[in-house]
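Asks: model_30.cif is the file, holding mmCIF, C-alpha atoms:
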```
data_my_file
loop_
_atom_site.group_PDB
_atom_site.id
_atom_site.type_symbol
_atom_site.label_atom_id
_atom_site.label_comp_id
_atom_site.auth_asym_id
_atom_site.auth_seq_id
_atom_site.Cartn_x
_atom_site.Cartn_y
_atom_site.Cartn_z
ATOM 1 C CA MET A 107 -5.636 -14.435 -8.724
ATOM 2 C CA PRO A 108 -2.979 -16.537 -10.443
ATOM 3 C CA ASP A 109 -1.560 -13.748 -12.648
ATOM 4 C CA CYS A 110 -1.679 -10.917 -10.062
ATOM 5 C CA LEU A 111 1.767 -9.506 -9.250
ATOM 6 C CA PHE A 112 0.821 -8.579 -5.674
ATOM 7 C CA CYS A 113 -0.822 -11.950 -5.010
ATOM 8 C CA LYS A 114 2.462 -13.559 -6.092
ATOM 9 C CA ILE A 115 4.359 -11.299 -3.684
ATOM 10 C CA VAL A 116 2.009 -12.270 -0.820
ATOM 11 C CA GLU A 117 2.508 -15.957 -1.696
ATOM 12 C CA GLY A 118 6.301 -15.526 -1.709
ATOM 13 C CA ILE A 119 6.597 -16.462 -5.391
ATOM 14 C CA ILE A 120 8.068 -13.034 -6.172
ATOM 15 C CA PRO A 121 10.577 -11.691 -3.632
ATOM 16 C CA SER A 122 10.064 -8.375 -1.843
ATOM 17 C CA LYS A 123 11.636 -6.343 0.941
ATOM 18 C CA LYS A 124 9.133 -6.981 3.722
ATOM 19 C CA VAL A 125 8.317 -4.137 6.107
ATOM 20 C CA TYR A 126 5.231 -5.605 7.817
ATOM 21 C CA ASP A 127 3.238 -8.839 7.718
ATOM 22 C CA ASP A 128 0.164 -10.104 9.561
ATOM 23 C CA ASP A 129 -2.864 -12.278 8.820
ATOM 24 C CA TYR A 130 -4.626 -9.541 6.833
ATOM 25 C CA CYS A 131 -2.071 -7.379 5.062
ATOM 26 C CA TYR A 132 1.501 -7.214 3.856
ATOM 27 C CA ALA A 133 3.785 -4.205 3.383
ATOM 28 C CA PHE A 134 6.976 -3.992 1.349
ATOM 29 C CA ARG A 135 9.352 -1.443 -0.133
ATOM 30 C CA ASP A 136 8.549 -0.226 -3.642
ATOM 31 C CA ILE A 137 11.129 -1.355 -6.213
ATOM 32 C CA ASN A 138 10.892 2.043 -7.965
ATOM 33 C CA PRO A 139 10.671 4.484 -5.038
ATOM 34 C CA GLN A 140 9.236 7.939 -5.664
ATOM 35 C CA ALA A 141 10.408 9.252 -2.271
ATOM 36 C CA PRO A 142 13.119 8.288 0.247
ATOM 37 C CA THR A 143 10.484 6.168 1.997
ATOM 38 C CA HIS A 144 8.079 4.428 -0.407
ATOM 39 C CA ILE A 145 6.221 1.451 1.012
ATOM 40 C CA LEU A 146 3.225 -0.410 -0.413
ATOM 41 C CA VAL A 147 0.574 -1.852 1.896
ATOM 42 C CA ILE A 148 -1.662 -4.512 0.350
ATOM 43 C CA PRO A 149 -4.420 -6.796 1.604
ATOM 44 C CA LYS A 150 -3.622 -10.492 1.468
ATOM 45 C CA THR A 151 -7.059 -11.018 -0.055
ATOM 46 C CA HIS A 152 -7.271 -10.031 -3.716
ATOM 47 C CA ILE A 153 -9.369 -6.892 -4.098
ATOM 48 C CA PRO A 154 -8.954 -5.291 -7.554
ATOM 49 C CA SER A 155 -9.139 -1.638 -6.481
ATOM 50 C CA PHE A 156 -10.545 0.947 -4.106
ATOM 51 C CA ALA A 157 -13.742 0.895 -6.224
ATOM 52 C CA GLU A 158 -14.451 -2.655 -5.051
ATOM 53 C CA LEU A 159 -14.610 -1.735 -1.358
ATOM 54 C CA ASN A 160 -17.930 -2.211 0.426
ATOM 55 C CA GLY A 161 -19.383 -2.976 3.843
ATOM 56 C CA SER A 162 -17.701 -6.368 3.976
ATOM 57 C CA THR A 163 -14.250 -4.813 3.569
ATOM 58 C CA GLU A 164 -14.607 -2.057 6.197
ATOM 59 C CA ALA A 165 -12.777 -3.926 8.961
ATOM 60 C CA LEU A 166 -9.924 -4.882 6.632
ATOM 61 C CA VAL A 167 -9.430 -1.327 5.365
ATOM 62 C CA GLY A 168 -9.678 0.031 8.912
ATOM 63 C CA HIS A 169 -6.972 -2.407 9.956
ATOM 64 C CA MET A 170 -4.819 -1.380 6.998
ATOM 65 C CA THR A 171 -5.047 2.301 7.942
ATOM 66 C CA SER A 172 -3.846 1.454 11.448
ATOM 67 C CA VAL A 173 -0.967 -0.512 9.932
ATOM 68 C CA ILE A 174 -0.097 2.461 7.701
ATOM 69 C CA ALA A 175 0.103 4.730 10.768
ATOM 70 C CA LYS A 176 2.284 2.177 12.605
ATOM 71 C CA ILE A 177 4.652 1.807 9.655
ATOM 72 C CA ALA A 178 4.953 5.601 9.338
ATOM 73 C CA ARG A 179 5.876 5.838 13.030
ATOM 74 C CA ASP A 180 8.324 2.940 12.755
ATOM 75 C CA GLU A 181 9.928 4.562 9.693
ATOM 76 C CA GLY A 182 10.362 7.842 11.580
ATOM 77 C CA LEU A 183 8.155 9.897 9.270
ATOM 78 C CA THR A 184 7.636 12.555 11.950
ATOM 79 C CA GLY A 185 7.535 15.455 9.472
ATOM 80 C CA GLY A 186 4.568 13.943 7.640
ATOM 81 C CA TYR A 187 3.863 11.533 4.841
ATOM 82 C CA ARG A 188 1.447 10.967 1.994
ATOM 83 C CA VAL A 189 -0.887 7.963 1.577
ATOM 84 C CA VAL A 190 -2.083 7.312 -1.985
ATOM 85 C CA SER A 191 -4.317 4.694 -3.586
ATOM 86 C CA ASN A 192 -4.753 4.972 -7.341
ATOM 87 C CA CYS A 193 -8.115 3.642 -8.473
ATOM 88 C CA GLY A 194 -8.444 2.490 -12.072
ATOM 89 C CA ASP A 195 -6.494 2.989 -15.262
ATOM 90 C CA ASP A 196 -7.298 6.704 -15.584
ATOM 91 C CA ALA A 197 -5.757 7.311 -12.146
ATOM 92 C CA GLY A 198 -2.587 5.419 -13.051
ATOM 93 C CA GLN A 199 -3.303 2.124 -11.288
ATOM 94 C CA THR A 200 -0.945 -0.355 -12.948
ATOM 95 C CA VAL A 201 -1.406 -3.334 -10.611
ATOM 96 C CA HIS A 202 -5.076 -4.173 -10.164
ATOM 97 C CA HIS A 203 -4.830 -5.273 -6.541
ATOM 98 C CA LEU A 204 -5.810 -2.723 -3.901
ATOM 99 C CA HIS A 205 -2.723 -1.042 -2.487
ATOM 100 C CA PHE A 206 -1.752 2.033 -0.547
ATOM 101 C CA HIS A 207 1.508 3.886 -1.120
ATOM 102 C CA ILE A 208 3.203 5.435 1.916
ATOM 103 C CA LEU A 209 5.479 8.215 0.663
ATOM 104 C CA GLY A 210 7.695 10.282 2.916
ATOM 105 C CA GLY A 211 11.130 11.274 4.008
ATOM 106 C CA LYS A 212 11.137 14.574 2.120
ATOM 107 C CA PRO A 213 8.795 17.534 1.616
ATOM 108 C CA MET A 214 6.119 16.629 -0.926
ATOM 109 C CA GLY A 215 5.361 18.974 -3.832
ATOM 110 C CA ASP A 216 1.956 19.703 -5.341
ATOM 111 C CA ARG A 217 0.177 20.360 -2.076
ATOM 112 C CA MET A 218 -3.402 19.173 -1.919
ATOM 113 C CA ALA A 219 -6.066 20.906 0.155
#
```
Would you encode the structure as structure tokens?
Replies:
Amino acid sequence: MPDCLFCKIVEGIIPSKKVYDDDYCYAFRDINPQAPTHILVIPKTHIPSFAELNGSTEALVGHMTSVIAKIARDEGLTGGYRVVSNCGDDAGQTVHHLHFHILGGKPMGDRMA
């Protein structure tokens, strides 16, 4: 997508602080961190949101979850971390390219069951 911020980051048009990179996904530090560790993990293929996932994306999302766990270990998030994917405008999704936030490095408020 030519006007997608995250596609431009994947293409190297917009700079980012790379944390991880492979053939399927890319991870980088959030420019407006909400926790001491705040990393975004995105697929290199443009997928607008979590709502667009289907059987053909299962392997990609499975791979991304493994990458999230690896990044959390590499970042030393031994006390725990939160993984968030906002889906749609009502949930606060501002960039319409599937992405997962890894948040950690401090105790998280608003516990969820």
Asks: Could you check which of A:Val147, A:Ile177, A:Ile137, A:Leu166 is closest to Val116 in chain A, using only C-alpha atoms?
Replies: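 Among A:Val147, A:Ile177, A:Ile137, A:Leu166, it is A:Val147 that comes nearest to Val116 in chain A.
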Asks: Restricting the calculation to all atoms listed in the file, which member of A:Arg179, A:His152, A:Leu204, A:Val173 is positioned closest to Pro108 in chain A?
Replies: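 Going through A:Arg179, A:His152, A:Leu204, A:Val173 one by one, the smallest distance to Pro108 in chain A is for A:His152.
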Asks: How big is the axis-aligned box around all listed atoms of range 210-216 of chain A once 5 Å goes on each side, and where's its centre, in Å to one decimal, as AutoDock Vina command-line options?
Replies:
```
--center_x 6.5 --center_y 15.0 --center_z -0.7 --size_x 19.2 --size_y 19.4 --size_z 19.3
```
Asks: With only C-alpha atoms as the atoms that count, which of A:Met170, A:Tyr187, A:Ala157, A:Ile115 lies nearest to Asp128 in chain A?
Replies: A:Met170
Asks: Enter the distance from CA of Pro142 in chain A to CA of His169 in chain A, in Å, rounded to one decimal.
Replies: 24.7 Å
Asks: Within 6 Å of range 200-203 of chain A, counting all atoms listed in the file, which residues qualify if same-chain residues fewer than 4 places away don't, as a VMD selection string?
Replies: chain A and resid 153 to 155
Asks: Using only C-alpha atoms, please write the residues we just selected to a file, as a CSV table (one decimal), keeping the file's coordinate frame.
Replies:
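Just written: part.csv:
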```csv
chain,number,residue,atom,x,y,z
A,153,ILE,CA,-9.4,-6.9,-4.1
A,154,PRO,CA,-9.0,-5.3,-7.6
A,155,SER,CA,-9.1,-1.6,-6.5
```
Asks: Which of these residues is nearest to Glu117 in chain A, using all atoms listed in the file: A:Gly194, A:Pro139, A:Gly185, A:Pro149?
Replies: A:Pro149
Asks: Output range 177-192 of chain A from the block with N, CA and C atoms, as a PDB file, in the first residue's frame?
Replies:
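Written out: out11.pdb:
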```pdb
ATOM      1  N   ILE A 177      11.472 -11.970  21.040  1.00  0.00           N
ATOM      2  CA  ILE A 177      11.830 -10.580  21.344  1.00  0.00           C
ATOM      3  C   ILE A 177      11.688 -10.316  22.842  1.00  0.00           C
ATOM      4  N   ALA A 178      10.611 -10.797  23.446  1.00  0.00           N
ATOM      5  CA  ALA A 178      10.406 -10.592  24.887  1.00  0.00           C
ATOM      6  C   ALA A 178      11.551 -11.209  25.688  1.00  0.00           C
ATOM      7  N   ARG A 179      11.972 -12.406  25.302  1.00  0.00           N
ATOM      8  CA  ARG A 179      13.123 -13.035  25.974  1.00  0.00           C
ATOM      9  C   ARG A 179      14.386 -12.209  25.769  1.00  0.00           C
ATOM     10  N   ASP A 180      14.632 -11.815  24.523  1.00  0.00           N
ATOM     11  CA  ASP A 180      15.832 -11.040  24.199  1.00  0.00           C
ATOM     12  C   ASP A 180      15.860  -9.698  24.927  1.00  0.00           C
ATOM     13  N   GLU A 181      14.679  -9.123  25.166  1.00  0.00           N
ATOM     14  CA  GLU A 181      14.579  -7.835  25.853  1.00  0.00           C
ATOM     15  C   GLU A 181      14.616  -7.986  27.373  1.00  0.00           C
ATOM     16  N   GLY A 182      14.653  -9.232  27.851  1.00  0.00           N
ATOM     17  CA  GLY A 182      14.729  -9.474  29.288  1.00  0.00           C
ATOM     18  C   GLY A 182      13.434  -9.216  30.039  1.00  0.00           C
ATOM     19  N   LEU A 183      12.315  -9.408  29.383  1.00  0.00           N
ATOM     20  CA  LEU A 183      11.013  -9.159  30.014  1.00  0.00           C
ATOM     21  C   LEU A 183      10.579 -10.358  30.848  1.00  0.00           C
ATOM     22  N   THR A 184      11.403 -10.719  31.829  1.00  0.00           N
ATOM     23  CA  THR A 184      11.179 -11.920  32.634  1.00  0.00           C
ATOM     24  C   THR A 184      10.020 -11.770  33.614  1.00  0.00           C
ATOM     25  N   GLY A 185       9.660 -10.547  33.975  1.00  0.00           N
ATOM     26  CA  GLY A 185       8.552 -10.333  34.901  1.00  0.00           C
ATOM     27  C   GLY A 185       7.201 -10.337  34.225  1.00  0.00           C
ATOM     28  N   GLY A 186       7.189 -10.429  32.907  1.00  0.00           N
ATOM     29  CA  GLY A 186       5.939 -10.431  32.143  1.00  0.00           C
ATOM     30  C   GLY A 186       5.881  -9.270  31.162  1.00  0.00           C
ATOM     31  N   TYR A 187       4.931  -9.354  30.289  1.00  0.00           N
ATOM     32  CA  TYR A 187       4.731  -8.321  29.274  1.00  0.00           C
ATOM     33  C   TYR A 187       3.319  -8.440  28.735  1.00  0.00           C
ATOM     34  N   ARG A 188       2.894  -7.420  28.036  1.00  0.00           N
ATOM     35  CA  ARG A 188       1.559  -7.392  27.445  1.00  0.00           C
ATOM     36  C   ARG A 188       1.713  -7.359  25.929  1.00  0.00           C
ATOM     37  N   VAL A 189       0.843  -8.094  25.224  1.00  0.00           N
ATOM     38  CA  VAL A 189       0.797  -8.078  23.759  1.00  0.00           C
ATOM     39  C   VAL A 189      -0.590  -7.561  23.381  1.00  0.00           C
ATOM     40  N   VAL A 190      -0.620  -6.503  22.564  1.00  0.00           N
ATOM     41  CA  VAL A 190      -1.882  -5.850  22.209  1.00  0.00           C
ATOM     42  C   VAL A 190      -1.954  -5.670  20.701  1.00  0.00           C
ATOM     43  N   SER A 191      -3.143  -5.911  20.138  1.00  0.00           N
ATOM     44  CA  SER A 191      -3.410  -5.573  18.745  1.00  0.00           C
ATOM     45  C   SER A 191      -4.763  -4.886  18.688  1.00  0.00           C
ATOM     46  N   ASN A 192      -4.756  -3.589  18.439  1.00  0.00           N
ATOM     47  CA  ASN A 192      -6.014  -2.853  18.303  1.00  0.00           C
ATOM     48  C   ASN A 192      -6.607  -3.166  16.935  1.00  0.00           C
TER      49      ASN A 192
END
```
